[in-house]
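K.L.:
Below is a structure I'd like to ask you about.
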Amino acid sequence: MPATVFYLLVTCITEQASVLSIPGPLPALGTLWNPNTVLLLLAWIFFQAVLYLLPLGKVTKGTALQNQTRLQYRIHAFQAFVITVMLVGAALVCGLRLSYIHDHFLQLAVSASAISLVFSVLLYVKSFYAEESALAPGGNSGNLVYDFFIGHELNPRLGTFDLKYFCELRPGLIGWALINLAMLVKETELRGSPSLAMMLVNAFQLLYVVDALWNEEAILTTMDIVHDGFGFMLVFGDLAWVPFTYSLQAYFLVNHPHELGALSAIGIIVLNTMGYAIFRGANSQKNCFRRNPTDPRVAGLQTIPTATGKHLLVSGWWGFVRHPNYLGDLIMALAWSLPCGVTHILPYFYVIYFTVLLVHREARDEHQCLRKYGLAWQEYCSRVPYRIFPYIY
């Protein structure tokens, strides 16, 4: 995973930007390590941790654990984002040179990888002191390497500070938006004004980040929180993979500008709007039904009763395909890449990777749901035959 991030970023700054050729010459190893970027990232994580501890927002409970207890979570990621925006805006007015992020991007990525590795080791050591009921179902195999990667402990905490929940949305996701802004600032420094392509990439991805932060409570029922342990996979994903690969389109446009026509821009905006409508509509419908099945917005939808006492939605968005939120996600991913043009495959890495990720995750979802709901899930699959792509898959 760290090698993939490094390869993508190094390829992005080459003249050809071809993923099919080995980039060269590679940066000297001595130039990749910078104590200042390590300190900068640690300061950023610490700042977000301070915001996490603020007594803002409401407190809610997560899903029941193996011992039937439910952890409490404070919902205020959006407020943390607003505070971050205000402080970054004030710093820019005072002369902060945000393009530093672009100029030291490789060093920042290496530093994030190193921090992720050290953090993962500490989490793994901590997990051996956790109670049996606190261990992750999938990260308790006995294989040291596998458990380190997947995560041995499900919800590692320091007091009430939930480490996994904090990392899931705060430093990496907000950092992604900040990195995109830094790329826009750098492009403005180089060319006098930001390009239409750069503005679209920033706007689309900012909408996605704000949506995730605004709907923070919804992640409490996701596989990352409910099932997966907090190991290297999620640590690196949250702190390095998300901010440094999801911002690849913006980084690409700084080094390989693309002039986007008005009609192309309108078409891409329509595509992203369609993807977001499917993504948000499906997730809102699911979350509303989970909170209150009698809510007027979902009360008229068809359902299938299960042996667990719960019901499966079989109409609305969830009667269209089994994972409509994944479909919307992938449509948006394509819209984020199109502003970069079609002459390079590199800016399409995200949509390619995300397709593989979601198809794999969908298979995991299917396995979990079949085990949990049995015959009811089989009936659902017969009534909704397509998994993600209607009439295709």
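Identifiers in the structure tokens: chain A, B, ... in order shown; residue index from 1 per chain; ligand index from 1 in order shown.
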Would you pick out the contacts of range 282-296 of chain A at 6 Å or less, using only C-alpha atoms, so that residues sharing its chain but fewer than 3 positions from it are not included, and give the list as a PDB file with all heavy atoms, in the first residue's frame?
P.N.:
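Generated file (out-v3.pdb):
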```
ATOM      1  N   ILE A 278     -28.120   9.493  -6.253  1.00  0.00           N
ATOM      2  CA  ILE A 278     -28.290   8.067  -5.970  1.00  0.00           C
ATOM      3  C   ILE A 278     -27.627   7.712  -4.644  1.00  0.00           C
ATOM      4  O   ILE A 278     -28.218   7.036  -3.790  1.00  0.00           O
ATOM      5  CB  ILE A 278     -27.700   7.215  -7.110  1.00  0.00           C
ATOM      6  CG1 ILE A 278     -28.456   7.469  -8.423  1.00  0.00           C
ATOM      7  CG2 ILE A 278     -27.733   5.734  -6.755  1.00  0.00           C
ATOM      8  CD1 ILE A 278     -27.820   6.812  -9.638  1.00  0.00           C
ATOM      9  N   PHE A 279     -26.395   8.182  -4.463  1.00  0.00           N
ATOM     10  CA  PHE A 279     -25.627   7.895  -3.253  1.00  0.00           C
ATOM     11  C   PHE A 279     -26.335   8.411  -2.007  1.00  0.00           C
ATOM     12  O   PHE A 279     -26.563   7.669  -1.047  1.00  0.00           O
ATOM     13  CB  PHE A 279     -24.245   8.537  -3.386  1.00  0.00           C
ATOM     14  CG  PHE A 279     -23.414   8.525  -2.135  1.00  0.00           C
ATOM     15  CD1 PHE A 279     -22.714   7.398  -1.749  1.00  0.00           C
ATOM     16  CD2 PHE A 279     -23.317   9.668  -1.334  1.00  0.00           C
ATOM     17  CE1 PHE A 279     -21.946   7.387  -0.599  1.00  0.00           C
ATOM     18  CE2 PHE A 279     -22.555   9.664  -0.179  1.00  0.00           C
ATOM     19  CZ  PHE A 279     -21.863   8.521   0.190  1.00  0.00           C
ATOM     20  N   ALA A 299     -42.240   4.481   5.340  1.00  0.00           N
ATOM     21  CA  ALA A 299     -43.270   3.565   5.831  1.00  0.00           C
ATOM     22  C   ALA A 299     -43.971   2.817   4.703  1.00  0.00           C
ATOM     23  O   ALA A 299     -44.448   1.694   4.899  1.00  0.00           O
ATOM     24  CB  ALA A 299     -44.304   4.338   6.667  1.00  0.00           C
ATOM     25  N   TRP A 317     -34.847   2.740  -3.525  1.00  0.00           N
ATOM     26  CA  TRP A 317     -33.500   2.561  -4.063  1.00  0.00           C
ATOM     27  C   TRP A 317     -33.003   1.133  -3.867  1.00  0.00           C
ATOM     28  O   TRP A 317     -32.290   0.589  -4.707  1.00  0.00           O
ATOM     29  CB  TRP A 317     -32.533   3.528  -3.382  1.00  0.00           C
ATOM     30  CG  TRP A 317     -32.672   4.949  -3.816  1.00  0.00           C
ATOM     31  CD1 TRP A 317     -33.120   6.012  -3.079  1.00  0.00           C
ATOM     32  CD2 TRP A 317     -32.373   5.482  -5.119  1.00  0.00           C
ATOM     33  NE1 TRP A 317     -33.124   7.162  -3.831  1.00  0.00           N
ATOM     34  CE2 TRP A 317     -32.660   6.867  -5.090  1.00  0.00           C
ATOM     35  CE3 TRP A 317     -31.898   4.919  -6.301  1.00  0.00           C
ATOM     36  CZ2 TRP A 317     -32.490   7.692  -6.194  1.00  0.00           C
ATOM     37  CZ3 TRP A 317     -31.722   5.749  -7.410  1.00  0.00           C
ATOM     38  CH2 TRP A 317     -32.015   7.110  -7.345  1.00  0.00           C
ATOM     39  N   ASN A 325     -26.013   2.583  -3.067  1.00  0.00           N
ATOM     40  CA  ASN A 325     -25.043   3.575  -2.591  1.00  0.00           C
ATOM     41  C   ASN A 325     -23.687   3.378  -3.254  1.00  0.00           C
ATOM     42  O   ASN A 325     -22.986   4.351  -3.559  1.00  0.00           O
ATOM     43  CB  ASN A 325     -24.910   3.514  -1.067  1.00  0.00           C
ATOM     44  CG  ASN A 325     -24.672   2.110  -0.540  1.00  0.00           C
ATOM     45  OD1 ASN A 325     -24.969   1.110  -1.200  1.00  0.00           O
ATOM     46  ND2 ASN A 325     -24.133   2.004   0.665  1.00  0.00           N
TER      47      ASN A 325
END
```
K.L.:
Residues of range 193-270 of chain A that approach range 156-172 of chain A to 12 Å or less, counting only C-alpha atoms: could you list each one with the shortest pair of atoms and its distance in Å to one decimal, rows by chain and increasing residue number, as CSV?
P.N.:
```
residue,atom,partner,partner_atom,distance
A:Tyr208,CA,A:Leu169,CA,11.8
A:Val209,CA,A:Leu169,CA,8.8
A:Val210,CA,A:Leu169,CA,10.4
A:Asp211,CA,A:Leu169,CA,11.1
A:Ala212,CA,A:Leu169,CA,7.7
A:Leu213,CA,A:Leu169,CA,7.0
A:Trp214,CA,A:Leu169,CA,10.7
A:Asn215,CA,A:Leu169,CA,10.7
A:Glu216,CA,A:Leu169,CA,7.9
A:Glu217,CA,A:Tyr165,CA,10.5
A:Ala218,CA,A:Leu169,CA,11.5
A:Ile219,CA,A:Glu168,CA,8.7
A:Leu220,CA,A:Tyr165,CA,8.5
A:Thr221,CA,A:Tyr165,CA,11.7
A:Thr222,CA,A:Glu168,CA,10.9
A:Met223,CA,A:Glu168,CA,11.8
A:Asp224,CA,A:Glu168,CA,8.5
A:Ile225,CA,A:Tyr165,CA,7.3
A:Val226,CA,A:Tyr165,CA,10.7
A:His227,CA,A:Lys164,CA,11.9
A:Asp228,CA,A:Lys164,CA,10.1
A:Gly229,CA,A:Lys164,CA,8.6
A:Phe230,CA,A:Lys164,CA,6.1
A:Gly231,CA,A:Lys164,CA,9.2
A:Phe232,CA,A:Lys164,CA,11.3
A:Met233,CA,A:Lys164,CA,11.5
A:Leu234,CA,A:Glu168,CA,8.1
A:Val235,CA,A:Cys167,CA,7.4
A:Phe236,CA,A:Gly172,CA,9.7
A:Gly237,CA,A:Gly172,CA,8.5
A:Asp238,CA,A:Gly172,CA,5.4
A:Leu239,CA,A:Gly172,CA,4.9
A:Ala240,CA,A:Gly172,CA,7.1
A:Trp241,CA,A:Gly172,CA,8.5
A:Val242,CA,A:Gly172,CA,6.2
A:Pro243,CA,A:Gly172,CA,5.4
A:Phe244,CA,A:Gly172,CA,8.9
A:Thr245,CA,A:Gly172,CA,11.0
A:Tyr246,CA,A:Gly172,CA,10.1
A:Ser247,CA,A:Gly172,CA,11.0
```
K.L.:
When you look at Leu39 in chain A with a cut-off of 9 Å (counting only C-alpha atoms), what residues show up, excluding the ones that are within fewer than 5 positions of it in the same chain? I need them as a list of chain:residue names.
P.N.:
A:Asn34, A:Trp44, A:Ser111
K.L.:
In Å to one decimal, how far is CA of Trp318 in chain A from CA of Leu271 in chain A?
P.N.:
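Interatomic distance here is 20.7 Å.
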K.L.:
Could you give me the residues within range 83-275 of chain A that DSSP places in helix (DSSP H, G or I), as number ranges by chain?
P.N.:
A: 83-93, 100-103, 105-127, 132-134, 137-139, 144-150, 163-191, 196-214, 216-221, 223-226, 232-245, 248-255, 262-275
